[in-house]
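K.L.:
File name data-v6.txt; file contents compact mmCIF, C-alpha atoms and all ligand atoms; full text below.
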```txt
# COMPACT_ATOMS: atom_id res chain seq x y z
CA HIS D 1 -34.12 150.09 32.82
CA ARG D 2 -36.49 147.40 31.61
CA GLU D 3 -35.23 147.68 28.05
CA LEU D 4 -31.59 147.22 29.15
CA GLU D 5 -32.58 144.20 31.27
CA SER D 6 -34.32 142.52 28.37
CA ARG D 7 -31.68 143.40 25.78
CA LEU D 8 -28.90 142.09 28.03
CA ALA D 9 -30.84 138.89 28.75
CA HIS D 10 -31.16 138.38 25.00
CA PHE D 11 -27.51 139.27 24.27
CA LEU D 12 -26.16 137.05 27.06
CA ASP D 13 -28.62 134.24 26.28
CA VAL D 14 -29.91 133.94 29.87
CA PRO D 15 -33.46 133.68 31.34
CA PHE D 16 -33.34 137.06 33.12
CA VAL D 17 -31.04 139.92 34.13
CA SER D 18 -31.61 142.03 37.28
CA LEU D 19 -29.80 145.37 37.15
CA PHE D 20 -28.18 146.91 40.24
CA ASN D 21 -26.61 150.19 41.36
CA ASN D 22 -23.26 148.38 41.69
CA GLY D 23 -21.75 144.91 41.74
CA THR D 24 -21.12 144.88 45.49
CA VAL D 25 -24.78 145.38 46.43
CA ALA D 26 -25.72 142.84 43.75
CA LEU D 27 -23.37 140.27 45.31
CA GLN D 28 -24.71 140.94 48.81
CA ILE D 29 -28.26 140.43 47.52
CA ALA D 30 -27.19 137.23 45.75
CA LEU D 31 -26.15 135.83 49.14
CA LYS D 32 -29.32 137.12 50.84
CA SER D 33 -31.53 135.63 48.12
CA LEU D 34 -30.17 132.13 48.72
CA ASP D 35 -31.37 132.02 52.38
CA LEU D 36 -28.03 130.86 53.75
CA PRO D 37 -28.08 129.91 57.47
CA ALA D 38 -26.79 132.63 59.87
CA GLY D 39 -23.21 131.94 60.92
CA GLY D 40 -22.64 129.55 58.02
CA GLU D 41 -19.24 129.34 56.32
CA VAL D 42 -18.66 130.52 52.77
CA ILE D 43 -15.52 129.27 51.03
CA VAL D 44 -13.98 132.13 49.04
CA THR D 45 -10.71 133.08 47.40
CA PRO D 46 -8.54 135.82 48.95
CA PHE D 47 -7.17 136.58 45.47
CA THR D 48 -9.90 139.07 44.58
CA PHE D 49 -11.23 142.58 45.14
CA PRO D 50 -12.15 143.20 48.84
CA ALA D 51 -15.91 143.38 48.10
CA SER D 52 -16.13 139.62 47.38
CA VAL D 53 -15.27 138.95 51.03
CA HIS D 54 -16.94 141.97 52.66
CA VAL D 55 -20.41 140.97 51.43
CA ILE D 56 -20.04 137.60 53.21
CA ASP D 57 -19.38 139.46 56.47
CA ALA D 58 -22.26 141.88 55.79
CA CYS D 59 -24.64 138.90 55.60
CA GLY D 60 -23.55 137.54 59.01
CA LEU D 61 -21.69 134.66 57.37
CA THR D 62 -18.08 133.58 57.93
CA PRO D 63 -15.56 133.72 55.08
CA VAL D 64 -13.18 130.76 54.86
CA PHE D 65 -10.21 131.41 52.58
CA CYS D 66 -9.22 128.81 50.02
CA ASP D 67 -6.00 129.03 48.00
CA ILE D 68 -5.89 129.43 44.22
CA ASP D 69 -4.59 127.24 41.44
CA PRO D 70 -1.11 128.63 40.58
CA VAL D 71 -1.76 128.43 36.83
CA THR D 72 -5.33 129.78 36.46
CA LEU D 73 -5.19 132.00 39.61
CA THR D 74 -8.79 130.97 40.38
CA ILE D 75 -10.05 129.13 43.49
CA ASP D 76 -8.78 125.53 43.49
CA PRO D 77 -11.58 122.91 43.64
CA VAL D 78 -9.31 120.29 45.24
CA ARG D 79 -8.48 122.64 48.09
CA ILE D 80 -12.15 123.68 48.39
CA GLU D 81 -13.17 120.10 49.16
CA SER D 82 -10.67 119.85 52.03
CA LEU D 83 -12.25 122.96 53.64
CA ILE D 84 -15.89 121.77 53.55
CA THR D 85 -17.34 121.24 57.05
CA ASP D 86 -20.90 120.76 58.33
CA ARG D 87 -21.10 124.57 58.64
CA THR D 88 -20.23 125.21 54.97
CA CYS D 89 -23.25 126.63 53.18
CA ALA D 90 -21.76 128.07 49.99
CA ILE D 91 -18.76 128.52 47.71
CA LEU D 92 -18.06 131.98 46.28
CA GLY D 93 -15.81 131.65 43.22
CA VAL D 94 -14.27 134.62 41.40
CA HIS D 95 -13.39 134.61 37.70
CA VAL D 96 -10.06 136.47 37.48
CA TYR D 97 -8.61 138.53 34.60
CA GLY D 98 -11.01 136.89 32.14
CA ILE D 99 -10.10 133.35 33.24
CA ALA D 100 -13.16 131.43 34.38
CA CYS D 101 -13.06 129.35 37.56
CA ASP D 102 -13.22 125.58 37.07
CA VAL D 103 -17.01 125.98 37.05
CA LYS D 104 -17.74 122.35 36.22
CA ALA D 105 -15.66 120.98 39.11
CA ILE D 106 -17.04 123.58 41.55
CA ASP D 107 -20.66 122.97 40.55
CA ALA D 108 -20.12 119.18 40.89
CA LEU D 109 -18.62 119.64 44.37
CA ALA D 110 -21.56 121.79 45.46
CA ALA D 111 -24.07 119.23 44.19
CA LYS D 112 -22.19 116.44 46.01
CA HIS D 113 -22.22 118.34 49.32
CA GLY D 114 -25.62 120.06 48.97
CA ILE D 115 -24.26 123.60 49.13
CA LYS D 116 -24.85 126.74 47.04
CA VAL D 117 -22.50 128.39 44.54
CA ILE D 118 -22.22 132.11 43.84
CA TYR D 119 -19.85 133.47 41.18
CA ASP D 120 -18.31 136.92 41.21
CA ALA D 121 -18.05 137.61 37.47
CA ALA D 122 -16.97 141.26 37.78
CA HIS D 123 -14.12 140.36 35.39
CA ALA D 124 -16.25 138.41 32.92
CA PHE D 125 -18.87 139.41 30.36
CA ALA D 126 -20.36 137.30 27.57
CA THR D 127 -17.88 134.48 28.33
CA ARG D 128 -18.98 130.93 27.53
CA VAL D 129 -17.68 127.61 28.87
CA ASP D 130 -18.40 124.65 26.57
CA GLY D 131 -20.90 126.89 24.77
CA LYS D 132 -22.84 127.67 27.97
CA PRO D 133 -23.07 131.31 29.17
CA ILE D 134 -20.77 131.80 32.18
CA SER D 135 -23.57 133.27 34.30
CA LEU D 136 -25.62 130.07 34.10
CA PHE D 137 -23.13 128.06 36.18
CA GLY D 138 -23.69 127.96 39.95
CA ASP D 139 -26.85 129.35 41.58
CA ILE D 140 -26.32 133.09 41.02
CA THR D 141 -23.68 135.14 39.16
CA MET D 142 -22.83 138.79 39.73
CA HIS D 143 -21.52 141.08 36.99
CA SER D 144 -20.09 144.53 37.77
CA PHE D 145 -20.77 147.36 35.33
CA HIS D 146 -18.28 149.72 36.97
CA ALA D 147 -16.35 151.96 34.57
CA THR D 148 -13.24 149.78 34.95
CA LYS D 149 -15.00 146.60 33.73
CA LEU D 150 -15.55 145.07 30.29
CA PHE D 151 -19.07 146.44 29.81
CA HIS D 152 -20.14 149.38 31.94
CA THR D 153 -22.76 151.91 33.00
CA VAL D 154 -20.18 154.03 34.97
CA GLU D 155 -21.45 152.41 38.18
CA GLY D 156 -23.72 149.40 38.00
CA GLY D 157 -24.06 145.68 38.19
CA ALA D 158 -26.35 142.73 37.56
CA LEU D 159 -27.42 139.36 38.87
CA ILE D 160 -28.15 136.42 36.59
CA SER D 161 -29.30 132.95 37.60
CA PRO D 162 -30.36 129.76 35.86
CA HIS D 163 -33.17 129.52 38.47
CA ALA D 164 -35.99 131.69 37.08
CA GLU D 165 -37.87 131.28 40.41
CA LEU D 166 -35.22 133.46 42.12
CA GLN D 167 -36.13 136.53 40.04
CA PRO D 168 -39.04 137.73 42.26
CA THR D 169 -36.92 137.37 45.43
CA ILE D 170 -34.03 139.28 43.85
CA TYR D 171 -36.51 141.96 42.75
CA LEU D 172 -37.84 142.35 46.33
CA GLN D 173 -34.38 142.32 47.92
CA ARG D 174 -33.33 145.07 45.51
CA ASN D 175 -36.32 147.34 46.22
CA PHE D 176 -36.85 147.49 50.03
CA GLY D 177 -38.97 144.29 49.96
CA ILE D 178 -41.86 146.31 48.55
CA ALA D 179 -44.47 144.16 46.79
CA ASN D 180 -46.99 147.02 46.48
CA GLU D 181 -47.97 150.21 48.30
CA GLU D 182 -49.45 148.26 51.21
CA THR D 183 -47.23 145.20 51.43
CA ILE D 184 -43.58 144.81 52.45
CA LEU D 185 -42.59 141.17 52.18
CA LEU D 186 -39.00 141.16 53.46
CA ALA D 187 -36.22 143.39 54.80
CA GLY D 188 -34.50 144.45 51.59
CA LEU D 189 -31.94 147.01 50.43
CA ASN D 190 -31.95 149.77 47.83
CA GLY D 191 -30.01 148.17 44.98
CA LYS D 192 -31.81 149.59 41.96
CA MET D 193 -29.92 150.91 38.92
CA ASN D 194 -31.27 154.34 37.97
CA GLU D 195 -32.82 155.13 34.61
CA LEU D 196 -30.07 157.58 33.62
CA GLN D 197 -27.38 154.96 33.85
CA ALA D 198 -29.53 152.28 32.20
C1 LIG Z 201 -15.05 145.53 40.69
C2 LIG Z 201 -15.17 144.28 41.45
C3 LIG Z 201 -16.18 144.11 42.42
C4 LIG Z 201 -17.10 145.23 42.86
O1 LIG Z 201 -17.92 145.71 41.85
P1 LIG Z 201 -18.53 147.20 41.98
O2 LIG Z 201 -19.48 147.29 40.81
O3 LIG Z 201 -17.39 148.15 41.90
O4 LIG Z 201 -19.25 147.28 43.30
C5 LIG Z 201 -16.30 142.89 43.05
N1 LIG Z 201 -15.48 141.86 42.74
C6 LIG Z 201 -14.49 141.98 41.82
C7 LIG Z 201 -13.64 140.80 41.51
C8 LIG Z 201 -14.29 143.20 41.16
O5 LIG Z 201 -13.30 143.31 40.27
```
So that I can check it, write out the structure of this file as structure tokens.
P.N.:
Amino acid sequence: HRELESRLAHFLDVPFVSLFNNGTVALQIALKSLDLPAGGEVIVTPFTFPASVHVIDACGLTPVFCDIDPVTLTIDPVRIESLITDRTCAILGVHVYGIACDVKAIDALAAKHGIKVIYDAAHAFATRVDGKPISLFGDITMHSFHATKLFHTVEGGALISPHAELQPTIYLQRNFGIANEETILLAGLNGKMNELQA
């Protein structure tokens, strides 16, 4: 498990990789790790696999659908801006069929409005935009390693973030919040990838 995490981090040229039992749990933990306010709105595309939207609901947040760009089929940054309200806490963009979202426009919008960005990169692996690894845009990116994806462990997934300080929180969220045998620091899930699959 540790060897796969470090080899993937090296291969993808990112600060760290956290492995998961699947991409859906990874995405749910990405949202939980960003401390989004209960009841907040997350702007998301409906042109995706159901899990991208279900995890928003599972976190007690409200999905707000935004239409896609007819050429790239990815969430349209111009339409995103028209949907931002004072309840908006995040944008969840999905890279589709190997076409990356307009990550630069989306990240700029999020910075302007002080909101978080999560990318569902189940359809992307080792992609770069302007030379930068795709999983270093936004605050956290999820990769799925399901058997139908580009790189796989039969079932599996990963979270990657440019913010190295998120790694300990992601680790706790993935493993029941257990810091050590005596200390439970938060209410986590069981999201660990097992050794056999790693
Ligand atoms: C496959 C997929 C998921 C879910 O990933 P799992 O590893 O199967 O849980 C989420 N979003 C998109 C866009 C997908 O294609």
K.L.:
Rank D:Gly98, D:Phe47, D:Phe65, D:His163 by their smallest atom-to-atom distance to Leu34 in chain D, using all atoms listed in the file, and report the top residue only.
P.N.:
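The answer is D:His163, which sits nearest to Leu34 in chain D.
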K.L.:
Let me make sure I understand: among D:Tyr171, D:Ala111, D:Gly60, D:Arg79, which one has the smallest atom-to-atom distance to Asp35 in chain D if we use all atoms listed in the file?
P.N.:
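The answer is D:Gly60, which sits nearest to Asp35 in chain D.
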K.L.:
Quick one, how far is CA of Pro63 in chain D from CA of Arg87 in chain D?
P.N.:
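Between CA of Pro63 in chain D and CA of Arg87 in chain D the gap is 11.3 Å.
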K.L.:
Compute the set of protein, DNA and RNA residues whose minimum atom distance to ligand LIG 201 (chain Z) is at most 8 Å, using only C-alpha atoms and all ligand atoms, and state it as a VMD selection string.
P.N.:
chain D and resid 21 to 27 48 to 52 94 to 96 120 to 123 143 to 146 148 to 149 155 to 157
K.L.:
With C-alpha atoms retained, export the selected residues as an mmCIF file, in the coordinates of the input.
P.N.:
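Done, and the output landed in selection25.cif:
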```cif
data_model
loop_
_atom_site.group_PDB
_atom_site.id
_atom_site.type_symbol
_atom_site.label_atom_id
_atom_site.label_comp_id
_atom_site.auth_asym_id
_atom_site.auth_seq_id
_atom_site.Cartn_x
_atom_site.Cartn_y
_atom_site.Cartn_z
ATOM 1 C CA ASN D 21 -26.610 150.190 41.360
ATOM 2 C CA ASN D 22 -23.260 148.380 41.690
ATOM 3 C CA GLY D 23 -21.750 144.910 41.740
ATOM 4 C CA THR D 24 -21.120 144.880 45.490
ATOM 5 C CA VAL D 25 -24.780 145.380 46.430
ATOM 6 C CA ALA D 26 -25.720 142.840 43.750
ATOM 7 C CA LEU D 27 -23.370 140.270 45.310
ATOM 8 C CA THR D 48 -9.900 139.070 44.580
ATOM 9 C CA PHE D 49 -11.230 142.580 45.140
ATOM 10 C CA PRO D 50 -12.150 143.200 48.840
ATOM 11 C CA ALA D 51 -15.910 143.380 48.100
ATOM 12 C CA SER D 52 -16.130 139.620 47.380
ATOM 13 C CA VAL D 94 -14.270 134.620 41.400
ATOM 14 C CA HIS D 95 -13.390 134.610 37.700
ATOM 15 C CA VAL D 96 -10.060 136.470 37.480
ATOM 16 C CA ASP D 120 -18.310 136.920 41.210
ATOM 17 C CA ALA D 121 -18.050 137.610 37.470
ATOM 18 C CA ALA D 122 -16.970 141.260 37.780
ATOM 19 C CA HIS D 123 -14.120 140.360 35.390
ATOM 20 C CA HIS D 143 -21.520 141.080 36.990
ATOM 21 C CA SER D 144 -20.090 144.530 37.770
ATOM 22 C CA PHE D 145 -20.770 147.360 35.330
ATOM 23 C CA HIS D 146 -18.280 149.720 36.970
ATOM 24 C CA THR D 148 -13.240 149.780 34.950
ATOM 25 C CA LYS D 149 -15.000 146.600 33.730
ATOM 26 C CA GLU D 155 -21.450 152.410 38.180
ATOM 27 C CA GLY D 156 -23.720 149.400 38.000
ATOM 28 C CA GLY D 157 -24.060 145.680 38.190
#
```
K.L.:
Could you work out how far CA of Cys101 in chain D lies from CA of Gly138 in chain D, giving the answer in Å with one decimal?
P.N.:
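Distance reported for this atom pair: 11.0 Å.
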K.L.:
Neighbours of Ile99 in chain D within 8 Å (only C-alpha atoms; same-chain residues fewer than 6 positions away dropped), as an mmCIF file with C-alpha atoms, in the frame of the given file?
P.N.:
```
data_model
loop_
_atom_site.group_PDB
_atom_site.id
_atom_site.type_symbol
_atom_site.label_atom_id
_atom_site.label_comp_id
_atom_site.auth_asym_id
_atom_site.auth_seq_id
_atom_site.Cartn_x
_atom_site.Cartn_y
_atom_site.Cartn_z
ATOM 1 C CA THR D 72 -5.330 129.780 36.460
ATOM 2 C CA THR D 74 -8.790 130.970 40.380
ATOM 3 C CA ALA D 124 -16.250 138.410 32.920
#
```
K.L.:
Rounded to one decimal, what separation in Å do you get between CA of Ile160 in chain D and CA of Val17 in chain D?
P.N.:
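Those two atoms sit 5.2 Å apart.
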K.L.:
When distances are computed from all atoms listed in the file, which of D:Leu19, D:Val129, D:Leu172, D:Ala100 shows the smallest separation from Asp69 in chain D?
P.N.:
D:Ala100
K.L.:
Using only C-alpha atoms, which residues sit within 6 Å of Gly188 in chain D once same-chain residues fewer than 6 positions away are excluded, as an MDAnalysis selection string?
P.N.:
chainID D and resid 173 176:177
